[in-house]
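Structure first, then comments.
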Amino acid sequence: GTRYLLLIQQRGCYLIDRAFKVARVQMRFPNPGRKPEPGRKAEYPVGKPHNMTLLDGEMVVDEVKEADGRTQKFRRYLIYDMAFVNETPLVGKDFLHRYHQIDPMVIHPRSSERSYITQPDPNKYVSPPLRYNYDDEPFRVRRKDFYPLNYARKLIDKLIPDLSHEADGLILQSGEAGYVANTDNSLLKFKFAHLNSVDFKLGRAPGGEWQLFVMDTSGPRRGGGRPPLMQVHEAVRFPEGVDGASLVGRIIECSWDPGAHSWVYMRTREDKDTPNASHVYHKVVDSIRDDIKSGELCDYLEQV
């Protein structure tokens with residue numbers, strides 16, 4: 001998936017990508033409704049819209065087969081963290097506290113209002129349903145699932161192969177961690193070998209050879225600007241039908257082909273305007289060389 005922050009305000013919702021490009025989206029995020037007094041009907045199933053709620057998540061493309069055999073694609077935003085809720089900061093709370101706020105504060109109110117709109121019940125609520133169609137929203141929303149460590153083998157063997165979108169591995173997240181805005185060094189990531197990737201900036205030499213660049217973070221930075229680019233002297237291959245010349249100057253995600261001893265283009269990172277840092281590149285290369293298999297990971301986690 002592609003990471004986005006989702007800022008929810010009373011008068012608009014805004015998707016923010018890694019390059020801090022902002023796009024306004026027409027969506028509705030009501031707060032939970034108030035419980036009525038004993039013997040009285042509730043005014044409405046939900047409360048006022050959220051204001052200054054900041055969600056963190058990833059956008060995926062789900063593929064679902066219809067009864068007639070056709071495949072339907074739709075976008076879904078998977079929320080895995082929440083930094084603010086209605087102007088109240090949650091960044092100092094542990095991850096499990098933040099995570100368990102997502103369903104009751106964000107997902108359930110949307111579901112409750114949607115049900116009331118599609119099936120109005122005048123005996124249950126005072127106010128009529130809002131004239132709003134959730135199906136017209138640009139993407140669907142749900143909470144991303146997290147599991148205990150002892151579920152790792154089941155996730156790899158059964159759940160991930162049956163997902164309606166691509167998953168490249170597992171993220172091991174501490175339940176006690178606070179919200180980290182930049183790189184979180186306490187996160188552990190395991191990627192399947194064929195999806196272990198690096199984001200490069202693509203260049204081309206005067207002689208026509210492809211060039212791959214990462215950000216050089218090995219030395220001190222001056223002036224607070226971005227680190228300089230550092231060339232990685234390795235080959236890159238583009239699949240048939242992909243025009244590499246049109247991608248020069250852009251950020252491309254590549255996986256490693258050990259047989260051909262070269263990087264292979266996977267996709268263009270439209271959400272990024274900088275490549276990975278050099279230390280990230282070296283970590284990915286080390287993990288490729290380590291070649292830890294999913295079975296080895298599961299065996300270890302089951303002993304923890």
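In the structure tokens, chains take the letters A, B, ... in the order shown, each chain's residues start at 1, and ligands count up from 1 in the order shown.
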
Quick one: residues within 12 Å of Tyr281 (chain A), only C-alpha atoms counted, chain neighbours fewer than 2 positions away excluded, as a ChimeraX atom specification?
/A:196-200,212-218,230-232,253-256,275-279,283-288

Write a file of the selected residues as a PDB file, in the first residue's frame, keeping N, CA and C atoms.
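Output saved as out.pdb:
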ATOM      1  N   ASN A 196      11.391  -7.495  -1.448  1.00  0.00           N
ATOM      2  CA  ASN A 196      12.312  -6.662  -0.675  1.00  0.00           C
ATOM      3  C   ASN A 196      12.875  -5.604  -1.617  1.00  0.00           C
ATOM      4  N   SER A 197      12.589  -4.354  -1.364  1.00  0.00           N
ATOM      5  CA  SER A 197      12.805  -3.335  -2.390  1.00  0.00           C
ATOM      6  C   SER A 197      13.484  -2.079  -1.863  1.00  0.00           C
ATOM      7  N   VAL A 198      13.980  -1.290  -2.827  1.00  0.00           N
ATOM      8  CA  VAL A 198      14.589   0.013  -2.554  1.00  0.00           C
ATOM      9  C   VAL A 198      13.964   1.033  -3.500  1.00  0.00           C
ATOM     10  N   ASP A 199      13.757   2.244  -2.993  1.00  0.00           N
ATOM     11  CA  ASP A 199      13.273   3.349  -3.826  1.00  0.00           C
ATOM     12  C   ASP A 199      14.463   4.167  -4.308  1.00  0.00           C
ATOM     13  N   PHE A 200      14.714   4.136  -5.612  1.00  0.00           N
ATOM     14  CA  PHE A 200      15.818   4.861  -6.223  1.00  0.00           C
ATOM     15  C   PHE A 200      15.298   6.070  -7.004  1.00  0.00           C
ATOM     16  N   LEU A 212      21.275   4.727 -10.893  1.00  0.00           N
ATOM     17  CA  LEU A 212      20.423   4.632  -9.706  1.00  0.00           C
ATOM     18  C   LEU A 212      21.039   5.463  -8.592  1.00  0.00           C
ATOM     19  N   PHE A 213      20.205   6.292  -7.944  1.00  0.00           N
ATOM     20  CA  PHE A 213      20.691   7.175  -6.893  1.00  0.00           C
ATOM     21  C   PHE A 213      19.878   6.980  -5.611  1.00  0.00           C
ATOM     22  N   VAL A 214      20.576   7.082  -4.473  1.00  0.00           N
ATOM     23  CA  VAL A 214      19.947   7.167  -3.164  1.00  0.00           C
ATOM     24  C   VAL A 214      20.463   8.443  -2.497  1.00  0.00           C
ATOM     25  N   MET A 215      19.876   8.835  -1.366  1.00  0.00           N
ATOM     26  CA  MET A 215      20.366  10.022  -0.648  1.00  0.00           C
ATOM     27  C   MET A 215      21.547   9.623   0.231  1.00  0.00           C
ATOM     28  N   ASP A 216      22.618  10.368   0.135  1.00  0.00           N
ATOM     29  CA  ASP A 216      23.826  10.072   0.903  1.00  0.00           C
ATOM     30  C   ASP A 216      23.691  10.633   2.315  1.00  0.00           C
ATOM     31  N   THR A 217      23.429   9.775   3.277  1.00  0.00           N
ATOM     32  CA  THR A 217      23.268  10.205   4.677  1.00  0.00           C
ATOM     33  C   THR A 217      24.484   9.823   5.511  1.00  0.00           C
ATOM     34  N   SER A 218      25.614   9.524   4.839  1.00  0.00           N
ATOM     35  CA  SER A 218      26.802   9.069   5.565  1.00  0.00           C
ATOM     36  C   SER A 218      27.590  10.213   6.188  1.00  0.00           C
ATOM     37  N   MET A 230      23.668  10.008  -4.043  1.00  0.00           N
ATOM     38  CA  MET A 230      24.818   9.123  -4.173  1.00  0.00           C
ATOM     39  C   MET A 230      24.462   8.018  -5.162  1.00  0.00           C
ATOM     40  N   GLN A 231      25.324   7.811  -6.154  1.00  0.00           N
ATOM     41  CA  GLN A 231      25.022   6.793  -7.155  1.00  0.00           C
ATOM     42  C   GLN A 231      25.332   5.400  -6.638  1.00  0.00           C
ATOM     43  N   VAL A 232      24.410   4.487  -6.925  1.00  0.00           N
ATOM     44  CA  VAL A 232      24.611   3.071  -6.644  1.00  0.00           C
ATOM     45  C   VAL A 232      25.007   2.413  -7.961  1.00  0.00           C
ATOM     46  N   GLU A 253      10.562   2.120  -7.501  1.00  0.00           N
ATOM     47  CA  GLU A 253      10.765   1.042  -6.534  1.00  0.00           C
ATOM     48  C   GLU A 253      11.256  -0.196  -7.273  1.00  0.00           C
ATOM     49  N   CYS A 254      12.336  -0.789  -6.782  1.00  0.00           N
ATOM     50  CA  CYS A 254      12.956  -1.926  -7.458  1.00  0.00           C
ATOM     51  C   CYS A 254      13.226  -3.056  -6.472  1.00  0.00           C
ATOM     52  N   SER A 255      13.079  -4.273  -6.942  1.00  0.00           N
ATOM     53  CA  SER A 255      13.460  -5.458  -6.175  1.00  0.00           C
ATOM     54  C   SER A 255      14.716  -6.055  -6.792  1.00  0.00           C
ATOM     55  N   TRP A 256      15.374  -6.949  -6.050  1.00  0.00           N
ATOM     56  CA  TRP A 256      16.648  -7.511  -6.492  1.00  0.00           C
ATOM     57  C   TRP A 256      16.456  -8.867  -7.140  1.00  0.00           C
ATOM     58  N   PRO A 275      14.518   9.636  -3.055  1.00  0.00           N
ATOM     59  CA  PRO A 275      14.789   8.202  -2.936  1.00  0.00           C
ATOM     60  C   PRO A 275      15.052   7.813  -1.484  1.00  0.00           C
ATOM     61  N   ASN A 276      15.264   6.523  -1.254  1.00  0.00           N
ATOM     62  CA  ASN A 276      15.643   6.072   0.081  1.00  0.00           C
ATOM     63  C   ASN A 276      17.001   6.641   0.468  1.00  0.00           C
ATOM     64  N   ALA A 277      17.209   6.754   1.766  1.00  0.00           N
ATOM     65  CA  ALA A 277      18.518   7.166   2.271  1.00  0.00           C
ATOM     66  C   ALA A 277      19.514   6.022   2.098  1.00  0.00           C
ATOM     67  N   SER A 278      20.789   6.367   2.063  1.00  0.00           N
ATOM     68  CA  SER A 278      21.822   5.349   1.830  1.00  0.00           C
ATOM     69  C   SER A 278      21.838   4.292   2.926  1.00  0.00           C
ATOM     70  N   HIS A 279      21.556   4.689   4.185  1.00  0.00           N
ATOM     71  CA  HIS A 279      21.565   3.680   5.253  1.00  0.00           C
ATOM     72  C   HIS A 279      20.396   2.710   5.095  1.00  0.00           C
ATOM     73  N   LYS A 283      20.724  -1.362   4.536  1.00  0.00           N
ATOM     74  CA  LYS A 283      19.969  -2.315   5.357  1.00  0.00           C
ATOM     75  C   LYS A 283      19.203  -3.303   4.494  1.00  0.00           C
ATOM     76  N   VAL A 284      18.610  -2.796   3.398  1.00  0.00           N
ATOM     77  CA  VAL A 284      17.873  -3.689   2.502  1.00  0.00           C
ATOM     78  C   VAL A 284      18.836  -4.681   1.846  1.00  0.00           C
ATOM     79  N   VAL A 285      19.982  -4.195   1.407  1.00  0.00           N
ATOM     80  CA  VAL A 285      20.974  -5.085   0.799  1.00  0.00           C
ATOM     81  C   VAL A 285      21.411  -6.153   1.804  1.00  0.00           C
ATOM     82  N   ASP A 286      21.633  -5.751   3.052  1.00  0.00           N
ATOM     83  CA  ASP A 286      22.022  -6.723   4.085  1.00  0.00           C
ATOM     84  C   ASP A 286      20.930  -7.770   4.287  1.00  0.00           C
ATOM     85  N   SER A 287      19.667  -7.321   4.294  1.00  0.00           N
ATOM     86  CA  SER A 287      18.566  -8.269   4.507  1.00  0.00           C
ATOM     87  C   SER A 287      18.430  -9.230   3.321  1.00  0.00           C
ATOM     88  N   ILE A 288      18.725  -8.738   2.104  1.00  0.00           N
ATOM     89  CA  ILE A 288      18.694  -9.603   0.922  1.00  0.00           C
ATOM     90  C   ILE A 288      19.789 -10.660   1.034  1.00  0.00           C
TER      91      ILE A 288
END

Can you list every residue in region 172-249 of chain A that DSSP puts in strand (DSSP E), as JSON, numbers by chain?
{"A": [172, 188, 189, 190, 191, 197, 198, 199, 200, 201, 202, 203, 204, 210, 211, 212, 213, 214, 215, 229, 230, 231, 232, 236, 237]}

From the set A:Gly33, A:Gly175, A:Gly219, A:Gly207, which residue has the shortest atom-to-atom contact distance to Val106 (chain A), counting only C-alpha atoms?
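The answer is A:Gly33, which sits nearest to Val106 (chain A).
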
Skip Gly295 (chain A) itself and residues of its chain fewer than 5 positions away, then list as a list in words all residues within 12 Å of it, counting only C-alpha atoms.
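Answer for this query is Ala152, Arg153, Lys154, Leu155, Ile156, Asp157, Phe190, Phe192, Tyr300, Leu301 and Glu302 of chain A.
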
Do a neighbour search on Pro89 (chain A) at 10 Å with only C-alpha atoms, toss out local chain neighbours closer than 6 positions, and write the hits as a PDB file with N, CA and C atoms, in the first residue's frame.
ATOM      1  N   MET A  52     -10.200  18.129  13.455  1.00  0.00           N
ATOM      2  CA  MET A  52      -8.783  17.999  13.799  1.00  0.00           C
ATOM      3  C   MET A  52      -8.478  16.599  14.338  1.00  0.00           C
ATOM      4  N   THR A  53      -8.894  15.595  13.575  1.00  0.00           N
ATOM      5  CA  THR A  53      -8.508  14.213  13.833  1.00  0.00           C
ATOM      6  C   THR A  53      -7.495  13.818  12.764  1.00  0.00           C
ATOM      7  N   LEU A  54      -6.372  13.245  13.187  1.00  0.00           N
ATOM      8  CA  LEU A  54      -5.297  12.890  12.254  1.00  0.00           C
ATOM      9  C   LEU A  54      -5.064  11.386  12.290  1.00  0.00           C
ATOM     10  N   MET A  82      -3.566   6.511  14.977  1.00  0.00           N
ATOM     11  CA  MET A  82      -4.308   7.768  15.124  1.00  0.00           C
ATOM     12  C   MET A  82      -3.492   8.690  16.030  1.00  0.00           C
ATOM     13  N   ALA A  83      -3.060   9.832  15.505  1.00  0.00           N
ATOM     14  CA  ALA A  83      -2.197  10.747  16.247  1.00  0.00           C
ATOM     15  C   ALA A  83      -2.992  11.777  17.051  1.00  0.00           C
TER      16      ALA A  83
END

So, with only C-alpha atoms as the atoms that count, which of A:Pro120, A:Ile251, A:Asp56, A:Trp263 lies closest to Ala19 (chain A)?
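Ranking A:Pro120, A:Ile251, A:Asp56, A:Trp263 by distance to Ala19 (chain A), first place goes to A:Ile251.
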
Nearest to Ile292 (chain A) by atom-to-atom distance, counting only C-alpha atoms, from A:Lys189, A:Asp62, A:Val264, A:Val126
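When distances to Ile292 (chain A) are compared using only C-alpha atoms, the smallest one comes from A:Lys189.
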
Using DSSP assignments from the backbone, pull out every residue in region 112-168 of chain A that falls under helix (DSSP H, G or I) and give it to me as a ChimeraX atom specification.
/A:112-118,134-136,149-162

Could you write out the selected residues, including C-alpha atoms, as a compact mmCIF listing (two decimals), in the first residue's frame?
# COMPACT_ATOMS: atom_id res chain seq x y z
CA SER A 112 -24.05 3.23 12.18
CA GLU A 113 -25.00 6.26 10.10
CA ARG A 114 -24.73 4.32 6.85
CA SER A 115 -27.11 1.66 8.19
CA TYR A 116 -29.61 4.31 9.30
CA ILE A 117 -29.46 6.03 5.90
CA THR A 118 -30.11 2.80 4.01
CA TYR A 134 -21.34 6.78 1.39
CA ASP A 135 -21.00 4.82 -1.87
CA ASP A 136 -20.04 8.07 -3.65
CA LEU A 149 3.25 -12.76 17.47
CA ASN A 150 2.10 -16.38 17.63
CA TYR A 151 -0.17 -15.73 14.62
CA ALA A 152 2.81 -15.11 12.29
CA ARG A 153 2.79 -18.55 10.63
CA LYS A 154 -0.98 -18.43 10.09
CA LEU A 155 -0.69 -14.96 8.57
CA ILE A 156 2.05 -15.99 6.15
CA ASP A 157 0.58 -19.35 5.17
CA LYS A 158 -3.14 -18.55 5.05
CA LEU A 159 -4.20 -14.94 5.53
CA ILE A 160 -1.73 -13.09 3.26
CA PRO A 161 -2.27 -15.40 0.24
CA ASP A 162 -6.04 -14.84 0.54

For region 240-247 of chain A: contacts at 10 Å, only C-alpha atoms, fewer than 4 positions along chain excluded, given as JSON, numbers by chain:
{"A": [201, 202, 203, 204, 208, 210, 236, 251, 252, 265, 266, 267, 268]}

Nearest candidate to Leu130 (chain A) (options A:Leu163, A:Ile171, A:Arg28, A:Ile107; using only C-alpha atoms)
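Ranked by minimum distance to Leu130 (chain A), first place goes to A:Arg28.
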
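Using only C-alpha atoms, the shortest contact distance between Tyr147 (chain A) and any of A:Tyr99, A:Tyr4, A:Phe29, A:Tyr125 is found at A:Tyr99.
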
Could you give me, as a list in words, the residues within 8 Å of Lys124 (chain A), counting only C-alpha atoms and dropping anything in the same chain fewer than 2 positions from it?
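My reading of the contact set: Lys41, Ala42, Asp121, Pro122 and Val126 of chain A.
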
What is the distance between CA of Glu270 (chain A) and CA of Leu15 (chain A), in Å to one decimal?
13.9 Å

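Counting from CA of His282 (chain A), the distance to CA of Gly259 (chain A) is 19.6 Å.
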